[in-house]
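Trainee: Sending over model-v9.cif (mmCIF, C-alpha atoms).
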data_data
#
loop_
_atom_site.group_PDB
_atom_site.id
_atom_site.type_symbol
_atom_site.label_atom_id
_atom_site.label_comp_id
_atom_site.auth_asym_id
_atom_site.auth_seq_id
_atom_site.Cartn_x
_atom_site.Cartn_y
_atom_site.Cartn_z
ATOM 1 C CA MET A 1 17.302 -13.675 96.316
ATOM 2 C CA ARG A 2 17.567 -15.463 93.001
ATOM 3 C CA ASP A 3 17.878 -13.917 89.591
ATOM 4 C CA ARG A 4 14.824 -14.568 87.448
ATOM 5 C CA VAL A 5 15.440 -16.888 84.515
ATOM 6 C CA CYS A 6 12.733 -16.151 81.957
ATOM 7 C CA VAL A 7 12.359 -17.325 78.382
ATOM 8 C CA ASP A 8 9.927 -16.710 75.558
ATOM 9 C CA SER A 9 8.583 -20.264 75.502
ATOM 10 C CA VAL A 10 7.516 -20.393 71.837
ATOM 11 C CA ALA A 11 10.712 -18.776 70.518
ATOM 12 C CA PHE A 12 12.778 -21.031 72.800
ATOM 13 C CA ALA A 13 11.030 -24.129 71.397
ATOM 14 C CA ARG A 14 11.232 -22.900 67.790
ATOM 15 C CA ASP A 15 14.981 -22.251 68.168
ATOM 16 C CA ALA A 16 15.503 -25.670 69.823
ATOM 17 C CA GLY A 17 16.909 -23.831 72.816
ATOM 18 C CA GLU A 18 18.669 -25.535 75.690
ATOM 19 C CA LEU A 19 19.122 -24.151 79.180
ATOM 20 C CA ARG A 20 20.886 -25.853 82.082
ATOM 21 C CA GLY A 21 21.435 -24.656 85.597
ATOM 22 C CA THR A 22 20.981 -25.164 89.309
ATOM 23 C CA VAL A 23 18.826 -23.407 91.831
ATOM 24 C CA THR A 24 19.272 -23.583 95.599
ATOM 25 C CA THR A 25 16.302 -24.748 97.633
ATOM 26 C CA ALA A 26 16.687 -21.624 99.778
ATOM 27 C CA ASP A 27 15.448 -19.678 96.717
ATOM 28 C CA LEU A 28 12.281 -21.814 96.418
ATOM 29 C CA PRO A 29 9.934 -20.587 99.174
ATOM 30 C CA ARG A 30 6.977 -22.824 98.264
ATOM 31 C CA LEU A 31 9.220 -25.864 98.752
ATOM 32 C CA HIS A 32 10.414 -24.896 102.269
ATOM 33 C CA ASP A 33 7.511 -26.425 104.232
ATOM 34 C CA SER A 34 8.153 -29.826 102.664
ATOM 35 C CA LEU A 35 11.849 -29.956 103.543
ATOM 36 C CA PHE A 36 13.805 -30.668 106.729
ATOM 37 C CA ASP A 37 16.030 -27.676 106.025
ATOM 38 C CA GLN A 38 16.813 -25.334 103.149
ATOM 39 C CA SER A 39 20.135 -26.886 102.171
ATOM 40 C CA GLY A 40 20.644 -28.421 98.775
ATOM 41 C CA GLU A 41 20.062 -27.504 95.191
ATOM 42 C CA ILE A 42 18.123 -28.719 92.200
ATOM 43 C CA ALA A 43 19.811 -29.251 88.843
ATOM 44 C CA TYR A 44 17.603 -28.641 85.836
ATOM 45 C CA SER A 45 17.680 -28.777 82.081
ATOM 46 C CA VAL A 46 15.097 -27.251 79.738
ATOM 47 C CA THR A 47 15.080 -28.048 76.025
ATOM 48 C CA GLY A 48 12.682 -26.825 73.385
ATOM 49 C CA LYS A 49 11.464 -28.389 70.169
ATOM 50 C CA VAL A 50 8.776 -28.177 67.533
ATOM 51 C CA ASP A 51 7.438 -31.500 66.234
ATOM 52 C CA LYS A 52 6.577 -32.352 62.622
ATOM 53 C CA ASP A 53 3.000 -31.075 63.161
ATOM 54 C CA GLY A 54 4.287 -27.674 64.282
ATOM 55 C CA VAL A 55 3.436 -28.189 67.962
ATOM 56 C CA ALA A 56 5.925 -26.457 70.253
ATOM 57 C CA SER A 57 6.965 -28.153 73.474
ATOM 58 C CA LEU A 58 9.476 -27.917 76.291
ATOM 59 C CA ARG A 59 11.153 -30.785 78.110
ATOM 60 C CA LEU A 60 12.123 -30.235 81.744
ATOM 61 C CA ASP A 61 14.527 -32.552 83.566
ATOM 62 C CA VAL A 62 15.160 -32.070 87.288
ATOM 63 C CA ALA A 63 17.494 -33.935 89.625
ATOM 64 C CA ALA A 64 18.180 -33.363 93.300
ATOM 65 C CA ASP A 65 18.943 -34.993 96.629
ATOM 66 C CA LEU A 66 16.868 -33.193 99.241
ATOM 67 C CA LEU A 67 16.316 -33.664 102.971
ATOM 68 C CA MET A 68 12.756 -34.164 104.145
ATOM 69 C CA THR A 69 11.494 -34.900 107.661
ATOM 70 C CA CYS A 70 11.009 -38.598 108.452
ATOM 71 C CA GLN A 71 7.480 -39.046 109.756
ATOM 72 C CA ARG A 72 8.569 -41.887 112.074
ATOM 73 C CA CYS A 73 11.514 -40.321 113.918
ATOM 74 C CA LEU A 74 11.269 -36.654 112.816
ATOM 75 C CA GLY A 75 14.896 -36.750 111.689
ATOM 76 C CA PRO A 76 16.245 -35.919 108.246
ATOM 77 C CA VAL A 77 15.761 -38.449 105.455
ATOM 78 C CA LYS A 78 17.366 -38.103 102.006
ATOM 79 C CA VAL A 79 14.948 -38.098 99.085
ATOM 80 C CA SER A 80 16.213 -38.292 95.504
ATOM 81 C CA LEU A 81 14.299 -36.526 92.759
ATOM 82 C CA ASN A 82 14.709 -37.470 89.117
ATOM 83 C CA SER A 83 12.009 -36.291 86.797
ATOM 84 C CA ALA A 84 11.484 -35.671 83.113
ATOM 85 C CA ARG A 85 8.332 -33.949 81.914
ATOM 86 C CA ASN A 86 7.183 -32.602 78.570
ATOM 87 C CA PHE A 87 5.130 -29.421 78.377
ATOM 88 C CA VAL A 88 3.072 -28.883 75.242
ATOM 89 C CA LEU A 89 2.684 -25.150 74.628
ATOM 90 C CA VAL A 90 -0.898 -24.047 74.042
ATOM 91 C CA PRO A 91 -1.748 -20.546 72.742
ATOM 92 C CA PRO A 92 -2.716 -18.208 75.623
ATOM 93 C CA ALA A 93 -6.326 -17.817 74.424
ATOM 94 C CA ALA A 94 -6.910 -21.562 73.947
ATOM 95 C CA ALA A 95 -8.279 -23.924 76.592
ATOM 96 C CA LEU A 96 -5.813 -26.376 78.118
ATOM 97 C CA GLY A 97 -8.249 -29.284 78.038
ATOM 98 C CA ASP A 98 -8.861 -32.035 80.570
ATOM 99 C CA PRO A 99 -5.723 -32.930 82.578
ATOM 100 C CA ALA A 100 -7.047 -36.486 83.014
ATOM 101 C CA GLU A 101 -6.625 -37.014 79.276
ATOM 102 C CA GLU A 102 -2.938 -36.018 79.302
ATOM 103 C CA PRO A 103 -0.208 -38.672 79.348
ATOM 104 C CA ASP A 104 1.555 -39.013 82.724
ATOM 105 C CA ASP A 105 4.790 -37.411 81.544
ATOM 106 C CA GLU A 106 3.171 -34.592 79.558
ATOM 107 C CA ASP A 107 1.303 -31.445 80.561
ATOM 108 C CA ARG A 108 -0.261 -28.648 78.575
ATOM 109 C CA ILE A 109 0.655 -25.138 79.619
ATOM 110 C CA HIS A 110 -0.040 -21.763 78.085
ATOM 111 C CA ALA A 111 2.730 -20.308 75.969
ATOM 112 C CA ASP A 112 4.310 -17.363 77.725
ATOM 113 C CA ASP A 113 6.728 -14.729 76.458
ATOM 114 C CA GLN A 114 8.097 -14.421 80.019
ATOM 115 C CA LEU A 115 8.024 -18.047 81.254
ATOM 116 C CA ASP A 116 9.791 -18.218 84.625
ATOM 117 C CA VAL A 117 11.952 -21.334 84.401
ATOM 118 C CA VAL A 118 12.741 -21.401 88.133
ATOM 119 C CA ASP A 119 9.014 -21.403 88.983
ATOM 120 C CA LEU A 120 8.581 -24.317 86.579
ATOM 121 C CA VAL A 121 11.442 -26.167 88.317
ATOM 122 C CA GLU A 122 9.914 -25.463 91.739
ATOM 123 C CA ASP A 123 6.508 -26.742 90.597
ATOM 124 C CA GLU A 124 8.047 -29.944 89.284
ATOM 125 C CA ALA A 125 10.047 -30.507 92.481
ATOM 126 C CA ILE A 126 6.928 -30.080 94.629
ATOM 127 C CA LEU A 127 5.000 -32.550 92.474
ATOM 128 C CA CYS A 128 7.832 -35.106 92.639
ATOM 129 C CA LEU A 129 8.199 -35.151 96.429
ATOM 130 C CA PRO A 130 6.698 -38.132 98.237
ATOM 131 C CA MET A 131 3.582 -37.402 100.275
ATOM 132 C CA VAL A 132 5.163 -39.033 103.330
ATOM 133 C CA ALA A 133 8.913 -39.338 103.783
ATOM 134 C CA VAL A 134 10.213 -42.142 106.012
ATOM 135 C CA HIS A 135 13.472 -43.978 106.564
ATOM 136 C CA LYS A 136 13.640 -47.615 105.567
ATOM 137 C CA THR A 137 12.574 -49.994 108.332
ATOM 138 C CA GLY A 138 15.196 -50.086 111.085
ATOM 139 C CA GLU A 139 17.060 -46.956 109.958
ATOM 140 C CA CYS A 140 15.260 -44.437 112.175
ATOM 141 C CA ALA A 141 17.118 -43.003 115.130
ATOM 142 C CA PRO A 142 15.440 -43.980 118.415
ATOM 143 C CA PRO A 143 13.528 -41.175 120.150
ATOM 144 C CA LEU A 144 15.351 -39.457 122.991
ATOM 145 C CA ALA A 145 13.084 -40.937 125.706
ATOM 146 C CA ALA A 146 13.403 -44.488 124.369
ATOM 147 C CA SER A 147 17.196 -44.366 124.236
ATOM 148 C CA GLY A 148 17.550 -43.735 127.990
ATOM 149 C CA GLU A 149 19.327 -40.417 127.440
ATOM 150 C CA ASN A 150 16.594 -38.505 129.247
ATOM 151 C CA ASP A 151 17.136 -39.472 132.902
ATOM 152 C CA SER A 152 15.472 -36.413 134.416
ATOM 153 C CA LYS A 153 12.953 -36.964 137.207
ATOM 154 C CA SER A 154 9.360 -37.369 136.116
ATOM 155 C CA PRO A 155 7.104 -34.431 136.992
ATOM 156 C CA PHE A 156 4.557 -36.942 138.298
ATOM 157 C CA SER A 157 6.889 -38.662 140.773
ATOM 158 C CA SER A 158 5.883 -36.253 143.563
ATOM 159 C CA LEU A 159 2.197 -37.097 142.909
ATOM 160 C CA ALA A 160 2.997 -40.786 143.224
ATOM 161 C CA ALA A 161 4.617 -40.112 146.610
ATOM 162 C CA LEU A 162 1.497 -38.253 147.804
ATOM 163 C CA LYS A 163 -0.730 -41.077 146.670
ATOM 164 C CA ARG A 164 1.239 -43.600 148.769
ATOM 165 C CA GLN A 165 0.684 -41.524 151.954
#
For the file at hand, write its structure as structure tokens.
Mentor:
Amino acid sequence: MRDRVCVDSVAFARDAGELRGTVTTADLPRLHDSLFDQSGEIAYSVTGKVDKDGVASLRLDVAADLLMTCQRCLGPVKVSLNSARNFVLVPPAAALGDPAEEPDDEDRIHADDQLDVVDLVEDEAILCLPMVAVHKTGECAPPLAASGENDSKSPFSSLAALKRQ
């Protein structure tokens, strides 16, 4: 099991903190159903800052090459993740506002004195995955039955013989 990486989000931003690391996909249980297997890891970088208006924010960068299941051939297909997202820290008692009004690369989250960085990385990875993973046209492995490798006798061949009688 993974060690928890937690930071005080406001103090981290105020101190212009920087945190880099990797987390294995085996330690990200919510991601498992989306992947072909649990191999691989996600590299991340979190940096904090406070802008000229005194608004604290975190920037999260994630990068990974993960294996998902191709929906055409059911084999593994490599998917590359590269994401950068800014999180504006909102006081815990304040409303986050309408997500539709946020820029695409920015989200508002509540400030937390025990912000779990690995959970934040897992959330970002899940949001970055394609809805449907497929190989490029012509790259799928042919199914076993179509390749002629399955030469076993059909279970219906005996019925066909009875029908001819």
Trainee: Return the single residue from A:Ile42, A:Arg30, A:Gly48, A:Leu159 that is closest to Gly17 (chain A), with distances computed using all atoms listed in the file.
Mentor: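 That would be A:Gly48, the residue with the smallest distance to Gly17 (chain A).
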Trainee: Using all atoms listed in the file, which residues sit within 9 Å of Thr22 (chain A) once same-chain residues fewer than 5 positions away are excluded, as a list in words?
Mentor: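 Listing them by chain and then by number gives Glu41, Ile42, Ala43, Tyr44 and Ser45 of chain A.
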Trainee: Using all atoms listed in the file, which of A:Cys140, A:Val134, A:Leu35, A:Ala13 sits nearest Phe87 (chain A)?
Mentor: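 Of A:Cys140, A:Val134, A:Leu35, A:Ala13, the one nearest Phe87 (chain A), counting all atoms listed in the file, is A:Ala13.
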Trainee: One number please: CA of Val62 (chain A) to CA of Ala84 (chain A), in Å, one decimal.
Mentor: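 We find that CA of Val62 (chain A) and CA of Ala84 (chain A) lie 6.6 Å from each other.
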Trainee: Pull out every residue that the PyMOL selection byres ((chain A and resi 89) around 6) matches in the shown coordinates and put them as a ChimeraX atom specification.
Mentor: /A:56-57,88,90,109-111
Trainee: For the file shown, report as a tab-separated table (two decimals) with C-alpha atoms, in the frame of the given file the outcome of the PyMOL selection byres ((chain A and resi 119) around 12) at residue level.
Mentor:
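Printed below is result-v3.tsv as written:
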chain	number	residue	atom	x	y	z
A	2	ARG	CA	17.57	-15.46	93.00
A	3	ASP	CA	17.88	-13.92	89.59
A	4	ARG	CA	14.82	-14.57	87.45
A	5	VAL	CA	15.44	-16.89	84.52
A	6	CYS	CA	12.73	-16.15	81.96
A	7	VAL	CA	12.36	-17.32	78.38
A	23	VAL	CA	18.83	-23.41	91.83
A	25	THR	CA	16.30	-24.75	97.63
A	27	ASP	CA	15.45	-19.68	96.72
A	28	LEU	CA	12.28	-21.81	96.42
A	29	PRO	CA	9.93	-20.59	99.17
A	30	ARG	CA	6.98	-22.82	98.26
A	31	LEU	CA	9.22	-25.86	98.75
A	44	TYR	CA	17.60	-28.64	85.84
A	60	LEU	CA	12.12	-30.24	81.74
A	114	GLN	CA	8.10	-14.42	80.02
A	115	LEU	CA	8.02	-18.05	81.25
A	116	ASP	CA	9.79	-18.22	84.62
A	117	VAL	CA	11.95	-21.33	84.40
A	118	VAL	CA	12.74	-21.40	88.13
A	120	LEU	CA	8.58	-24.32	86.58
A	121	VAL	CA	11.44	-26.17	88.32
A	122	GLU	CA	9.91	-25.46	91.74
A	123	ASP	CA	6.51	-26.74	90.60
A	124	GLU	CA	8.05	-29.94	89.28
A	125	ALA	CA	10.05	-30.51	92.48
A	126	ILE	CA	6.93	-30.08	94.63
Trainee: I'd like the interatomic distance between CA of Gln38 (chain A) and CA of Ala63 (chain A), to a tenth of an Å.
Mentor: 16.0 Å
Trainee: Here is a test: counting all atoms listed in the file, which residue of A:Ala100, A:Ala133, A:Ala95, A:Leu19 is nearest to Leu66 (chain A)?
Mentor: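 Closest to Leu66 (chain A), using all atoms listed in the file: A:Ala133.
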